[in-house]
Structure formats: structure tokens, C-alpha cells
$ cat final.tsv   # TSV, C-alpha atoms and all ligand atoms
chain	number	residue	atom	x	y	z
L	8	MET	CA	-34.87	-1.13	8.72
L	9	LEU	CA	-33.01	-4.35	9.45
L	10	THR	CA	-34.11	-6.27	12.53
L	11	ASP	CA	-31.95	-6.74	15.63
L	12	ALA	CA	-31.68	-10.44	14.72
L	13	GLN	CA	-30.41	-9.60	11.22
L	14	LEU	CA	-27.82	-7.20	12.61
L	15	LEU	CA	-26.63	-9.76	15.16
L	16	ALA	CA	-26.43	-12.40	12.44
L	17	ALA	CA	-24.31	-10.06	10.31
L	18	ALA	CA	-21.97	-9.35	13.22
L	19	ALA	CA	-21.58	-13.08	13.91
L	20	ARG	CA	-20.98	-13.93	10.26
L	21	PHE	CA	-18.73	-11.06	9.13
L	22	GLY	CA	-17.17	-9.89	12.42
L	23	THR	CA	-16.97	-6.40	13.87
L	24	PRO	CA	-16.47	-3.53	13.34
L	25	LEU	CA	-18.80	-3.85	10.38
L	26	TYR	CA	-20.68	-1.46	8.13
L	27	VAL	CA	-24.12	-2.80	7.22
L	28	TYR	CA	-26.40	-1.28	4.57
L	29	ASP	CA	-30.03	-2.02	3.83
L	30	ALA	CA	-30.93	-1.89	0.12
L	31	ALA	CA	-34.60	-1.22	0.88
L	32	GLU	CA	-33.63	1.89	2.88
L	33	LEU	CA	-31.41	3.12	0.03
L	34	ASP	CA	-34.31	2.75	-2.40
L	35	ALA	CA	-36.72	4.44	0.02
L	36	ALA	CA	-34.42	7.45	0.47
L	37	LEU	CA	-34.10	7.92	-3.29
L	38	ALA	CA	-37.86	7.60	-3.68
L	39	ARG	CA	-38.42	10.30	-1.03
L	40	VAL	CA	-36.02	12.63	-2.81
L	41	ARG	CA	-37.66	12.01	-6.17
L	42	THR	CA	-41.13	12.62	-4.71
L	43	ALA	CA	-40.06	15.97	-3.27
L	44	PHE	CA	-37.72	17.07	-6.06
L	45	THR	CA	-39.88	16.49	-9.12
L	46	ASP	CA	-38.39	17.55	-12.48
L	47	THR	CA	-34.95	17.67	-10.92
L	48	ARG	CA	-31.75	16.14	-12.27
L	49	LEU	CA	-30.02	14.32	-9.40
L	50	PHE	CA	-26.26	13.95	-9.04
L	51	TYR	CA	-25.23	11.82	-6.05
L	52	ALA	CA	-22.38	13.48	-4.11
L	53	MET	CA	-20.35	10.30	-3.92
L	54	LYS	CA	-18.06	11.67	-1.21
L	55	ALA	CA	-20.80	10.55	1.20
L	56	ASN	CA	-20.20	6.90	0.34
L	57	PRO	CA	-18.29	5.95	-2.80
L	58	ASN	CA	-18.70	2.17	-2.61
L	59	LEU	CA	-18.91	0.83	-6.17
L	60	THR	CA	-21.94	-1.33	-5.46
L	61	LEU	CA	-23.86	1.67	-4.11
L	62	LEU	CA	-22.75	3.76	-7.09
L	63	ALA	CA	-23.89	1.06	-9.52
L	64	ARG	CA	-27.30	1.05	-7.86
L	65	MET	CA	-27.55	4.84	-8.18
L	66	ARG	CA	-26.50	4.67	-11.80
L	67	ALA	CA	-29.08	1.97	-12.55
L	68	ALA	CA	-31.69	4.27	-11.00
L	69	GLY	CA	-30.68	7.08	-13.38
L	70	VAL	CA	-28.77	9.21	-10.89
L	71	GLY	CA	-25.61	11.09	-11.99
L	72	PHE	CA	-22.54	11.84	-9.87
L	73	GLU	CA	-20.91	14.86	-8.30
L	74	CYS	CA	-17.16	14.19	-8.16
L	75	VAL	CA	-14.45	16.15	-6.39
L	76	SER	CA	-11.30	14.19	-7.23
L	77	ALA	CA	-9.69	12.18	-10.00
L	78	GLY	CA	-10.41	9.10	-7.92
L	79	GLU	CA	-14.11	9.90	-7.75
L	80	LEU	CA	-14.16	10.53	-11.51
L	81	ALA	CA	-12.60	7.09	-11.99
L	82	ARG	CA	-15.35	5.57	-9.84
L	83	ALA	CA	-18.06	7.27	-11.94
L	84	VAL	CA	-16.48	5.88	-15.11
L	85	LYS	CA	-16.10	2.45	-13.51
L	86	VAL	CA	-19.88	2.20	-13.01
L	87	GLY	CA	-20.54	3.33	-16.58
L	88	ALA	CA	-21.40	7.01	-16.14
L	89	GLY	CA	-20.87	9.26	-19.17
L	90	GLY	CA	-19.98	12.95	-19.33
L	91	SER	CA	-23.53	14.23	-19.10
L	92	ASP	CA	-23.93	12.27	-15.83
L	93	ILE	CA	-20.87	13.81	-14.18
L	94	LEU	CA	-20.13	17.07	-12.37
L	95	VAL	CA	-16.51	17.99	-11.64
L	96	ASN	CA	-16.48	20.06	-8.49
L	97	GLY	CA	-13.98	21.17	-5.87
L	98	PRO	CA	-12.13	24.29	-4.76
L	99	ALA	CA	-8.67	23.19	-5.96
L	100	LYS	CA	-8.89	21.05	-9.08
L	101	SER	CA	-5.71	19.47	-10.43
L	102	ASP	CA	-4.55	19.46	-14.07
L	103	GLU	CA	-5.46	15.77	-14.13
L	104	GLU	CA	-9.02	16.53	-12.99
L	105	TYR	CA	-9.51	19.22	-15.67
L	106	ALA	CA	-8.13	16.88	-18.34
L	107	GLU	CA	-10.23	13.91	-17.28
L	108	GLY	CA	-13.38	16.04	-16.98
L	109	ALA	CA	-12.76	17.36	-20.50
L	110	ARG	CA	-12.12	13.87	-21.90
L	111	LEU	CA	-15.43	12.71	-20.43
L	112	GLY	CA	-17.36	15.82	-21.50
L	113	ALA	CA	-18.42	16.46	-17.90
L	114	THR	CA	-19.79	19.73	-16.50
L	115	PHE	CA	-17.32	21.73	-14.42
L	116	ILE	CA	-18.33	23.80	-11.42
L	117	VAL	CA	-15.93	26.71	-11.09
L	118	ASP	CA	-15.16	27.94	-7.63
L	119	ARG	CA	-13.11	31.08	-8.34
L	120	ALA	CA	-12.52	33.53	-11.20
L	121	GLU	CA	-9.02	32.21	-11.89
L	122	GLU	CA	-10.51	28.92	-13.08
L	123	VAL	CA	-11.78	30.58	-16.26
L	124	GLY	CA	-8.19	30.49	-17.55
L	125	LEU	CA	-7.57	26.93	-16.35
L	126	LEU	CA	-10.58	25.19	-17.91
L	127	PRO	CA	-10.13	23.03	-21.00
L	128	PRO	CA	-11.43	24.72	-24.21
L	129	ARG	CA	-15.20	24.91	-24.70
L	130	SER	CA	-16.11	23.49	-21.29
L	131	ARG	CA	-19.64	23.24	-19.94
L	132	VAL	CA	-19.63	25.21	-16.71
L	133	LEU	CA	-21.66	26.28	-13.68
L	134	VAL	CA	-20.42	28.99	-11.33
L	135	ARG	CA	-20.50	28.21	-7.62
L	136	VAL	CA	-21.92	31.15	-5.71
L	137	ASN	CA	-20.89	31.99	-2.17
L	138	PRO	CA	-24.04	33.52	-0.69
L	139	ALA	CA	-22.22	34.79	2.44
L	140	LEU	CA	-24.63	33.16	4.88
L	141	GLU	CA	-24.19	31.66	8.32
L	142	VAL	CA	-26.20	28.45	8.54
L	143	SER	CA	-27.38	26.24	11.39
L	144	THR	CA	-24.81	23.47	11.29
L	145	HIS	CA	-21.36	22.76	12.73
L	146	ASP	CA	-18.69	25.24	11.56
L	147	HIS	CA	-16.77	22.46	9.79
L	148	LEU	CA	-19.87	21.60	7.77
L	149	ALA	CA	-20.78	25.15	6.73
L	150	THR	CA	-19.61	26.10	3.23
L	151	GLY	CA	-21.66	29.18	2.40
L	152	ALA	CA	-20.23	31.66	4.88
L	153	GLY	CA	-18.44	34.68	3.44
L	154	GLY	CA	-15.14	33.66	5.01
L	155	SER	CA	-15.24	30.07	3.75
L	156	LYS	CA	-12.98	28.88	0.94
L	157	PHE	CA	-15.91	28.07	-1.36
L	158	GLY	CA	-17.49	29.84	-4.27
L	159	VAL	CA	-17.49	33.22	-5.96
L	160	PRO	CA	-18.88	36.13	-3.92
L	161	LEU	CA	-22.30	37.20	-5.15
L	162	GLY	CA	-21.07	40.49	-6.58
L	163	GLY	CA	-18.39	38.77	-8.67
L	164	VAL	CA	-20.65	36.19	-10.31
L	165	PRO	CA	-21.86	38.18	-13.38
L	166	ALA	CA	-18.26	39.01	-14.33
L	167	VAL	CA	-17.19	35.36	-14.05
L	168	LEU	CA	-20.12	34.23	-16.21
L	169	ASN	CA	-19.26	36.91	-18.80
L	170	ALA	CA	-15.58	35.94	-18.75
L	171	LEU	CA	-16.48	32.27	-19.23
L	172	ARG	CA	-18.62	33.04	-22.24
L	173	ALA	CA	-16.03	35.43	-23.70
L	174	ALA	CA	-13.45	32.64	-23.40
L	175	GLY	CA	-15.66	30.31	-25.47
L	176	HIS	CA	-17.03	28.22	-22.63
L	177	ASP	CA	-20.66	27.25	-22.21
L	178	GLY	CA	-21.57	29.13	-19.01
L	179	ARG	CA	-24.76	27.27	-18.30
L	180	GLY	CA	-25.75	28.43	-14.87
L	181	LEU	CA	-25.18	28.73	-11.16
L	182	HIS	CA	-24.46	26.39	-8.28
L	183	VAL	CA	-24.82	26.79	-4.55
L	184	HIS	CA	-24.11	24.44	-1.64
L	185	ILE	CA	-24.27	25.99	1.81
L	186	GLY	CA	-23.13	23.05	3.91
L	187	SER	CA	-24.04	19.63	5.22
L	188	ALA	CA	-26.47	18.16	7.77
L	189	ILE	CA	-28.65	21.29	7.64
L	190	ARG	CA	-32.07	20.91	9.27
L	191	ASP	CA	-33.56	24.32	8.86
L	192	ALA	CA	-35.34	24.86	5.54
L	193	THR	CA	-35.08	28.62	6.07
L	194	ASP	CA	-31.29	28.36	5.61
L	195	PHE	CA	-31.87	27.00	2.11
L	196	ALA	CA	-34.56	29.59	1.45
L	197	ALA	CA	-32.12	32.36	2.42
L	198	ALA	CA	-29.44	30.99	0.08
L	199	PHE	CA	-31.83	30.66	-2.85
L	200	ALA	CA	-33.12	34.17	-2.22
L	201	ARG	CA	-29.54	35.50	-2.39
L	202	LEU	CA	-29.03	33.72	-5.69
L	203	SER	CA	-32.25	35.16	-7.08
L	204	GLU	CA	-30.81	38.64	-6.52
L	205	LEU	CA	-28.51	37.86	-9.45
L	206	ARG	CA	-31.35	37.51	-11.95
L	207	PRO	CA	-31.23	41.10	-13.31
L	208	ALA	CA	-27.47	40.89	-13.84
L	209	VAL	CA	-27.20	37.38	-15.32
L	210	GLY	CA	-30.52	36.99	-17.16
L	211	GLU	CA	-32.02	33.58	-17.91
L	212	LEU	CA	-29.94	30.47	-17.27
L	213	GLU	CA	-30.09	26.86	-18.39
L	214	VAL	CA	-29.29	25.28	-15.01
L	215	LEU	CA	-29.61	26.05	-11.32
L	216	ASP	CA	-27.79	23.48	-9.16
L	217	VAL	CA	-28.84	23.74	-5.51
L	218	GLY	CA	-26.27	21.29	-4.11
L	219	GLY	CA	-27.17	19.01	-1.22
L	220	GLY	CA	-26.80	19.37	2.53
L	221	TRP	CA	-30.20	18.13	3.70
L	222	SER	CA	-30.17	16.47	7.11
L	223	LEU	CA	-32.18	13.27	7.46
L	224	ASP	CA	-34.96	15.09	9.30
L	225	ALA	CA	-35.02	18.16	7.05
L	226	ASP	CA	-38.27	19.32	5.47
L	227	LEU	CA	-37.51	18.01	1.99
L	228	ASP	CA	-40.77	19.26	0.49
L	229	GLY	CA	-40.11	22.74	1.83
L	230	ILE	CA	-36.54	22.81	0.48
L	231	ALA	CA	-37.65	21.45	-2.90
L	232	ASP	CA	-40.38	24.04	-3.11
L	233	GLN	CA	-37.93	26.88	-2.51
L	234	ALA	CA	-35.45	25.39	-4.96
L	235	ARG	CA	-38.07	25.08	-7.68
L	236	ARG	CA	-39.09	28.68	-7.18
L	237	ALA	CA	-35.48	29.83	-7.47
L	238	ALA	CA	-35.05	27.81	-10.67
L	239	GLN	CA	-38.18	29.45	-12.08
L	240	VAL	CA	-36.71	32.88	-11.40
L	241	PHE	CA	-33.94	32.03	-13.86
L	242	GLY	CA	-36.10	29.94	-16.22
L	243	ALA	CA	-33.59	27.18	-15.40
L	244	GLN	CA	-33.68	23.42	-15.08
L	245	LEU	CA	-33.21	22.34	-11.46
L	246	TRP	CA	-30.26	20.14	-10.50
L	247	ALA	CA	-29.41	18.85	-7.00
L	248	GLU	CA	-26.48	16.99	-5.43
L	249	PRO	CA	-27.64	15.10	-2.36
L	250	GLY	CA	-25.07	12.93	-0.62
L	251	ARG	CA	-25.92	12.27	3.00
L	252	TYR	CA	-29.69	12.10	2.54
L	253	LEU	CA	-29.45	9.25	0.04
L	254	VAL	CA	-27.28	6.94	2.13
L	255	ALA	CA	-27.01	7.96	5.79
L	256	GLY	CA	-30.14	6.24	7.08
L	257	ALA	CA	-29.43	3.01	5.21
L	258	GLY	CA	-26.17	2.30	7.03
L	259	VAL	CA	-25.18	1.28	10.53
L	260	LEU	CA	-21.84	0.57	12.13
L	261	LEU	CA	-21.81	-2.57	14.26
L	262	SER	CA	-19.32	-2.69	17.08
L	263	GLN	CA	-18.57	-5.10	19.88
L	264	VAL	CA	-18.16	-4.23	23.53
L	265	VAL	CA	-14.58	-4.83	24.68
L	266	GLY	CA	-15.16	-3.87	28.30
L	267	LEU	CA	-16.40	-1.32	30.79
L	268	LYS	CA	-14.44	1.29	32.69
L	269	ALA	CA	-15.54	3.74	35.34
L	270	THR	CA	-13.63	6.98	35.87
L	271	ALA	CA	-15.38	10.28	36.38
L	272	HIS	CA	-17.41	8.86	33.47
L	273	GLU	CA	-18.82	5.40	32.87
L	274	PHE	CA	-17.23	4.18	29.64
L	275	VAL	CA	-18.27	1.36	27.37
L	276	LEU	CA	-15.11	0.47	25.46
L	277	LEU	CA	-15.73	-0.59	21.86
L	278	ASP	CA	-13.83	-2.26	19.05
L	279	ALA	CA	-14.76	0.68	16.77
L	280	GLY	CA	-13.74	4.28	17.21
L	281	MET	CA	-12.49	7.33	15.35
L	282	THR	CA	-10.74	5.20	12.73
L	283	GLU	CA	-14.05	3.64	11.69
L	284	LEU	CA	-16.36	6.62	12.33
L	285	ILE	CA	-14.73	10.00	12.72
L	286	ARG	CA	-17.87	12.15	12.47
L	287	PRO	CA	-18.47	12.52	16.24
L	288	MET	CA	-14.87	13.63	16.77
L	289	LEU	CA	-14.64	15.76	13.63
L	290	TYR	CA	-17.83	17.73	14.00
L	291	GLY	CA	-19.75	16.55	17.01
L	292	ALA	CA	-22.09	14.33	15.01
L	293	VAL	CA	-24.61	12.42	17.09
L	294	HIS	CA	-25.41	8.85	16.03
L	295	PRO	CA	-28.33	7.11	17.74
L	296	VAL	CA	-27.21	3.94	19.53
L	297	LEU	CA	-29.08	0.65	19.39
L	298	PRO	CA	-28.02	-1.97	21.94
L	299	LEU	CA	-28.34	-5.50	20.60
L	300	TRP	CA	-27.94	-7.46	23.82
L	301	PRO	CA	-30.84	-9.11	25.59
L	302	ARG	CA	-32.87	-6.46	27.33
L	303	SER	CA	-34.45	-8.68	29.98
L	304	GLU	CA	-36.50	-7.17	32.84
L	305	ALA	CA	-33.43	-7.50	35.04
L	306	ALA	CA	-31.17	-5.79	32.50
L	307	LEU	CA	-33.64	-2.97	32.06
L	308	HIS	CA	-33.43	-2.32	35.82
L	309	ASN	CA	-29.67	-2.16	35.49
L	310	THR	CA	-29.31	0.75	33.07
L	311	GLY	CA	-26.55	3.31	33.15
L	312	THR	CA	-25.46	6.38	31.26
L	313	TYR	CA	-22.36	5.62	29.27
L	314	ASP	CA	-19.81	7.28	27.03
L	315	LEU	CA	-18.91	4.98	24.14
L	316	ALA	CA	-15.16	5.12	23.61
L	317	GLY	CA	-13.02	3.59	20.88
L	318	PRO	CA	-9.65	1.85	21.10
L	319	ALA	CA	-7.45	4.74	19.88
L	320	CYS	CA	-4.95	6.45	22.17
L	321	GLU	CA	-6.76	9.75	21.71
L	322	SER	CA	-8.95	11.33	24.36
L	323	GLY	CA	-11.30	12.53	21.64
L	324	ASP	CA	-11.94	8.98	20.47
L	325	VAL	CA	-15.51	8.88	21.80
L	326	LEU	CA	-18.32	7.84	19.46
L	327	ALA	CA	-21.25	8.90	21.63
L	328	ARG	CA	-21.67	10.58	25.00
L	329	GLU	CA	-24.13	10.09	27.84
L	330	VAL	CA	-26.07	7.30	26.22
L	331	PRO	CA	-28.62	5.54	28.46
L	332	LEU	CA	-28.12	1.78	28.02
L	333	PRO	CA	-28.84	-1.48	29.83
L	334	ARG	CA	-25.52	-2.58	31.30
L	335	PRO	CA	-23.55	-4.45	28.60
L	336	GLN	CA	-20.97	-7.20	28.90
L	337	ARG	CA	-17.82	-7.88	26.94
L	338	GLY	CA	-18.83	-9.39	23.59
L	339	ASP	CA	-22.20	-7.65	23.37
L	340	VAL	CA	-22.88	-5.86	20.07
L	341	LEU	CA	-24.37	-2.45	19.45
L	342	ALA	CA	-25.29	-0.51	16.33
L	343	LEU	CA	-24.46	3.13	15.67
L	344	LEU	CA	-27.30	4.24	13.45
L	345	GLU	CA	-27.41	6.71	10.55
L	346	ALA	CA	-23.83	5.85	9.69
L	347	GLY	CA	-24.21	5.25	5.94
L	348	ALA	CA	-22.83	8.67	4.96
L	349	TYR	CA	-19.32	9.89	5.68
L	350	GLY	CA	-18.74	6.78	7.85
L	351	ALA	CA	-16.89	4.17	5.82
L	352	ALA	CA	-15.95	6.94	3.38
L	353	MET	CA	-13.93	8.76	6.05
L	354	SER	CA	-12.52	5.69	7.81
L	355	SER	CA	-8.75	5.51	8.06
L	356	ASN	CA	-5.82	3.23	8.69
L	357	TYR	CA	-4.54	5.30	11.61
L	358	LEU	CA	-2.93	2.96	14.14
L	359	THR	CA	-2.55	0.36	11.36
L	360	ARG	CA	-6.18	-0.57	11.85
L	361	PRO	CA	-7.63	-2.37	8.82
L	362	ARG	CA	-10.81	-0.71	7.64
L	363	PRO	CA	-13.99	-2.70	8.32
L	364	ALA	CA	-15.85	-4.86	5.87
L	365	GLU	CA	-19.04	-3.44	4.34
L	366	VAL	CA	-22.05	-5.65	3.67
L	367	LEU	CA	-25.37	-5.02	1.96
L	368	TRP	CA	-28.66	-6.75	2.75
L	369	ASP	CA	-30.67	-7.11	-0.43
L	370	GLY	CA	-32.67	-10.23	0.39
L	371	GLU	CA	-29.31	-11.87	1.04
L	372	TRP	CA	-25.97	-10.68	2.40
L	373	ARG	CA	-23.39	-9.39	-0.05
L	374	VAL	CA	-19.91	-8.33	0.98
L	375	ILE	CA	-19.46	-5.06	-0.92
L	376	ARG	CA	-16.06	-4.29	0.57
L	377	GLN	CA	-13.73	-6.85	2.04
L	378	ARG	CA	-12.30	-6.23	5.48
L	379	GLU	CA	-8.76	-4.93	5.03
L	380	SER	CA	-5.76	-6.74	6.43
L	381	VAL	CA	-2.46	-5.48	7.76
L	382	GLU	CA	-0.94	-6.63	4.46
L	383	THR	CA	-3.29	-4.44	2.40
L	384	ILE	CA	-2.34	-1.51	4.61
L	385	TRP	CA	1.40	-1.83	4.08
L	386	ALA	CA	1.28	-3.08	0.48
L	387	ALA	CA	2.43	0.30	-0.90
L	388	GLU	CA	5.25	0.71	1.61
L	389	THR	CA	8.88	-0.28	1.16
X	401	LIG	C1	-20.59	20.77	-3.48
X	401	LIG	C2	-21.26	19.73	-2.68
X	401	LIG	N1	-22.40	19.19	-3.13
X	401	LIG	C3	-23.05	18.24	-2.43
X	401	LIG	C4	-22.55	17.80	-1.21
X	401	LIG	C5	-23.34	16.77	-0.46
X	401	LIG	O1	-23.71	17.23	0.79
X	401	LIG	P1	-24.64	16.30	1.70
X	401	LIG	O2	-23.94	14.99	1.82
X	401	LIG	O3	-24.70	17.02	2.99
X	401	LIG	O4	-25.94	16.19	1.01
X	401	LIG	C6	-21.37	18.34	-0.70
X	401	LIG	C7	-20.85	17.88	0.60
X	401	LIG	O5	-19.90	18.32	1.13
X	401	LIG	C8	-20.70	19.32	-1.46
X	401	LIG	O6	-19.56	19.86	-1.02

$ encode --input "final.tsv" --output "C-alpha cells"
Amino acid sequence: MLTDAQLLAAAARFGTPLYVYDAAELDAALARVRTAFTDTRLFYAMKANPNLTLLARMRAAGVGFECVSAGELARAVKVGAGGSDILVNGPAKSDEEYAEGARLGATFIVDRAEEVGLLPPRSRVLVRVNPALEVSTHDHLATGAGGSKFGVPLGGVPAVLNALRAAGHDGRGLHVHIGSAIRDATDFAAAFARLSELRPAVGELEVLDVGGGWSLDADLDGIADQARRAAQVFGAQLWAEPGRYLVAGAGVLLSQVVGLKATAHEFVLLDAGMTELIRPMLYGAVHPVLPLWPRSEAALHNTGTYDLAGPACESGDVLAREVPLPRPQRGDVLALLEAGAYGAAMSSNYLTRPRPAEVLWDGEWRVIRQRESVETIWAAET
């Protein structure tokens, strides 16, 4: 974890809003996953944070990539990944994505029966299973419910596997991903149990891919244990696709206080908001807040409970609610923690706001993404 002094130094040197990553935390997260998920092939779900420097680090550590767009496939290739390191996933793949996956020799994850006829000849394939389960996360993050757009219903899976094989594809196994930021290991256990019901109908398999979705405080050992048991049921090799867990804790968003405003609520107005970090607005994500201004005795006696609002003309542009803080002043800096996943990756140019710079601390500061400018925003416009 970077110190307050390091974070303040980064804000002073690179400006705010700023995404800051700690290489030691990235390494520690991967080590924790590898300790829990022994004998498991890891594919980083790069949607969580596709920065090329982070991808190159994953690749150097022997991690493959789960890709859901032509752009993500291009990033995997850019950092030197080959076909056996790449999964092509997604509920609505384009012709370009099928063609590029085939050219690379990647493994496809099919999401519906119709894909059997769309795959390039002799593809390596897993079938994504929809286990029809409600899980303990925000609705927008749940992907395993029966009504969601993802996966093949349990009962349809044997037929899809048979059709794949009849069409000359290498139907290697099954895939399941029930959602993101899931805390409760019993949700995973329930999903794996549903999959195991397929054993009599589908026989032994080469691969069982259990997706990702682990929240930072999830019981990784418990989930890994259940996953291993499910893989054993099929005599399969275990694959996993963590995104959030590998990067969330290593990243923070630094933002500067622009002012204070009291209405029915006490607001701290920030220079970062929904355009830099949309997770609180999109699915009620809670990011711990670390104030980086001097917390003298006097300041500690002058604490309030604040809503942290961004600069957008949107009432929902609030990054955190009811946060107890010593009273800040304009120019003070705070850190929104656990922002390394789906933070920078989901930032936008709404309101012609240049996306923030991203920097990595690895014994020294490295700018791993330049701050955008207005010119880079309108470069493609006429
Ligand atoms: C198929 C699939 N695998 C893996 C992930 C990674 O999830 P997480 O970042 O929660 O680990 C996602 C996220 O949406 C996904 O859709």
C-alpha cells in the first residue's frame, strides 16, 4: 500500500484526477490467487483494466487473457500473447472477432446454440452455462440468473456440445461466470453444483472454466476448493478468469477538493466524478475514502459527514455518500480506494472531459497512460 506522502507526491507531480497503481499490490494479488487456485490456468479478464503496461506484467507472469472485443484481442496480441493464451468471449461476437480468434488459434466461449454455425472451422470451444441462479451482488453485476442474456440454459448444454463436435469443432468443456463483486462463496458453490449435474449427460471434459467474479474480501480458498471439486467431477483441468481481484486493490483514484456546499446534504465537491469513476453511479459500488489532508487535533474535532460529488451536471454524479471526514479545504486531496478495476477502464469523455493520467509505482513513478487533452478527444471528429 502506498503511503499518504507518496500519494500526495503523485498528485502534486502528475495532477488530479489521477489513477495510481502500486506494482507490489498487483504482484501480491496474483500471488494470493495462485496460492488459492493451485493447478489452475489463469486468464486475466482484461475488461477490468486493459492498460498495456498491466497486461505486459500479467503476460510476463504467465497469465493468459479473456477478451470480449476485437480491441481486447488486439491488446492481447500487442503484449505478445499467442492463441493458447487467449479466450474469445462475449454474448454477441462480430465476424471480425470470430476471424481474429481463428487466426490466432484462440479458444472460443460460445454463449448460445446459434454460435455453432458461426464459428470458424475446427474451433476450440467451451460452452458457457447459465446456471439460472440469483446471486448476492447488484443486479447489473449478476450474469448467472435465468433471465440474463448470458449462457446456454443447463438443459440445452449437452445438445450444444454434441452439435459442436458433430460440426467438427473441438468441444473441450464448460464455462460459467455468475457475476462480479460476489462475496459469498456459497454462490459459487451453488453454481458449480449446478454444473456438476451435467456430468452424466456430457461425460468427461478437458476443461472447466469457472470465470471470475470474486470480490476483494471473498473467501478465495473456499471458492478455489469448490472449483477444484467441480473440475474433478468432470476429470477436467481448471481454468479461471479473474479480473477485479487481480487489480482492484492495487489502484486508487486521486481527486482534489474544489469546494464545499451545504444543502440538505453536506457536499464535498471534487474534480473527479462519474466520468472518471462510474461504478458508484452504475451499480452502487462503495469505494473507501482516504483523506490526505493534515488531520491535526483541531481538524479531527471538526469532522463532518459528507457526500462526495463530482463536477458533472447529473444529480447521480456522487462518488461516495455519508463519508465521515475531517473538514477539508479547497485544494485538499483525497484517495478513492479499490479503484484499480473498472475505474479507468470505464472512464469516459462525457462533457469533453479528458480522461485522467494513470501512473504506476514500481520503485519509481511511471506514467502508463498520458492524461488526455481536448485535442485527443476531438481528433476523430470533423
Ligand atoms: C465472462 C467473464 N469472465 C470474467 C469476468 C471478470 O469478472 P471479475 O472482474 O468480477 O473477476 C467477467 C466480468 O464481467 C466476465 O464477464

$ closest_atom_pairs --input "final.tsv" --of "chain L" --to "ligand LIG 401 (chain X)" --cutoff "6 Å" --atoms "only C-alpha atoms and all ligand atoms" --output "JSON lines"
{"residue": "L:Ala52", "atom": "CA", "partner": "X:LIG401", "partner_atom": "C5", "distance": 5.0}
{"residue": "L:Ala55", "atom": "CA", "partner": "X:LIG401", "partner_atom": "O2", "distance": 5.5}
{"residue": "L:His184", "atom": "CA", "partner": "X:LIG401", "partner_atom": "C1", "distance": 5.4}
{"residue": "L:Ser187", "atom": "CA", "partner": "X:LIG401", "partner_atom": "O3", "distance": 3.5}
{"residue": "L:Ala188", "atom": "CA", "partner": "X:LIG401", "partner_atom": "O3", "distance": 5.2}
{"residue": "L:Gly218", "atom": "CA", "partner": "X:LIG401", "partner_atom": "N1", "distance": 4.5}
{"residue": "L:Gly219", "atom": "CA", "partner": "X:LIG401", "partner_atom": "O4", "distance": 3.8}
{"residue": "L:Gly220", "atom": "CA", "partner": "X:LIG401", "partner_atom": "O3", "distance": 3.2}
{"residue": "L:Trp221", "atom": "CA", "partner": "X:LIG401", "partner_atom": "O4", "distance": 5.4}
{"residue": "L:Glu248", "atom": "CA", "partner": "X:LIG401", "partner_atom": "C3", "distance": 4.7}
{"residue": "L:Pro249", "atom": "CA", "partner": "X:LIG401", "partner_atom": "O4", "distance": 3.9}
{"residue": "L:Gly250", "atom": "CA", "partner": "X:LIG401", "partner_atom": "O2", "distance": 3.4}
{"residue": "L:Arg251", "atom": "CA", "partner": "X:LIG401", "partner_atom": "O2", "distance": 3.6}
{"residue": "L:Tyr252", "atom": "CA", "partner": "X:LIG401", "partner_atom": "O4", "distance": 5.8}

$ residues_around --input "final.tsv" --residues "Ala30 in chain L" --least-positions-apart "4" --cutoff "7 Å" --atoms "all atoms listed in the file" --output "JSON, numbers by chain"
{"L": [34, 367, 368, 369]}

$ closest_residue --input "final.tsv" --among "L:Leu284, L:Leu59, L:Val340, L:Ala238" --to "Leu212 in chain L" --atoms "all atoms listed in the file"
L:Ala238

$ atom_distance --input "final.tsv" --atom1 "CA of Ala88 in chain L" --atom2 "CA of Ala43 in chain L"
24.4 Å

$ residues_around --input "final.tsv" --residues "Ala149 in chain L" --least-positions-apart "6" --cutoff "7 Å" --atoms "only C-alpha atoms" --output "list of chain:residue names"
L:Val142, L:Ile185, L:Gly186, L:Ser187

$ closest_residue --input "final.tsv" --among "L:Arg201, L:His272, L:Arg206, L:Arg41" --to "Ala139 in chain L" --atoms "all atoms listed in the file"
L:Arg201

$ residues_around --input "final.tsv" --residues "Ala352 in chain L" --least-positions-apart "5" --cutoff "10 Å" --atoms "all atoms listed in the file" --output "ChimeraX atom specification"
/L:53-58,283-285,347

$ closest_residue --input "final.tsv" --among "L:Glu379, L:Glu121, L:Glu321, L:Asp11" --to "Ala364 in chain L" --atoms "all atoms listed in the file"
L:Glu379

$ closest_residue --input "final.tsv" --among "L:Ala243, L:Leu326, L:Ala152, L:Ile230" --to "Leu276 in chain L" --atoms "only C-alpha atoms"
L:Leu326

$ residues_around --input "final.tsv" --residues "Ala63 in chain L" --least-positions-apart "5" --cutoff "9 Å" --atoms "all atoms listed in the file" --output "list in words"
Asn58, Ala68, Ala83, Lys85, Val86 and Gly87 of chain L

$ residues_around --input "final.tsv" --residues "range 168-174 of chain L" --least-positions-apart "2" --cutoff "8 Å" --atoms "only C-alpha atoms" --output "PyMOL selection string"
chain L and resi 123+134+164-166+176-178+209

$ atom_distance --input "final.tsv" --atom1 "CA of Leu25 in chain L" --atom2 "CA of His145 in chain L"
26.8 Å

$ atom_distance --input "final.tsv" --atom1 "CA of Leu148 in chain L" --atom2 "CA of Tyr290 in chain L"
7.6 Å

$ closest_residue --input "final.tsv" --among "L:Val167, L:Leu358, L:Val296, L:Val259" --to "Gly124 in chain L" --atoms "all atoms listed in the file"
L:Val167

$ closest_residue --input "final.tsv" --among "L:Pro361, L:Glu122, L:Glu273, L:Thr282" --to "Pro335 in chain L" --atoms "only C-alpha atoms"
L:Glu273
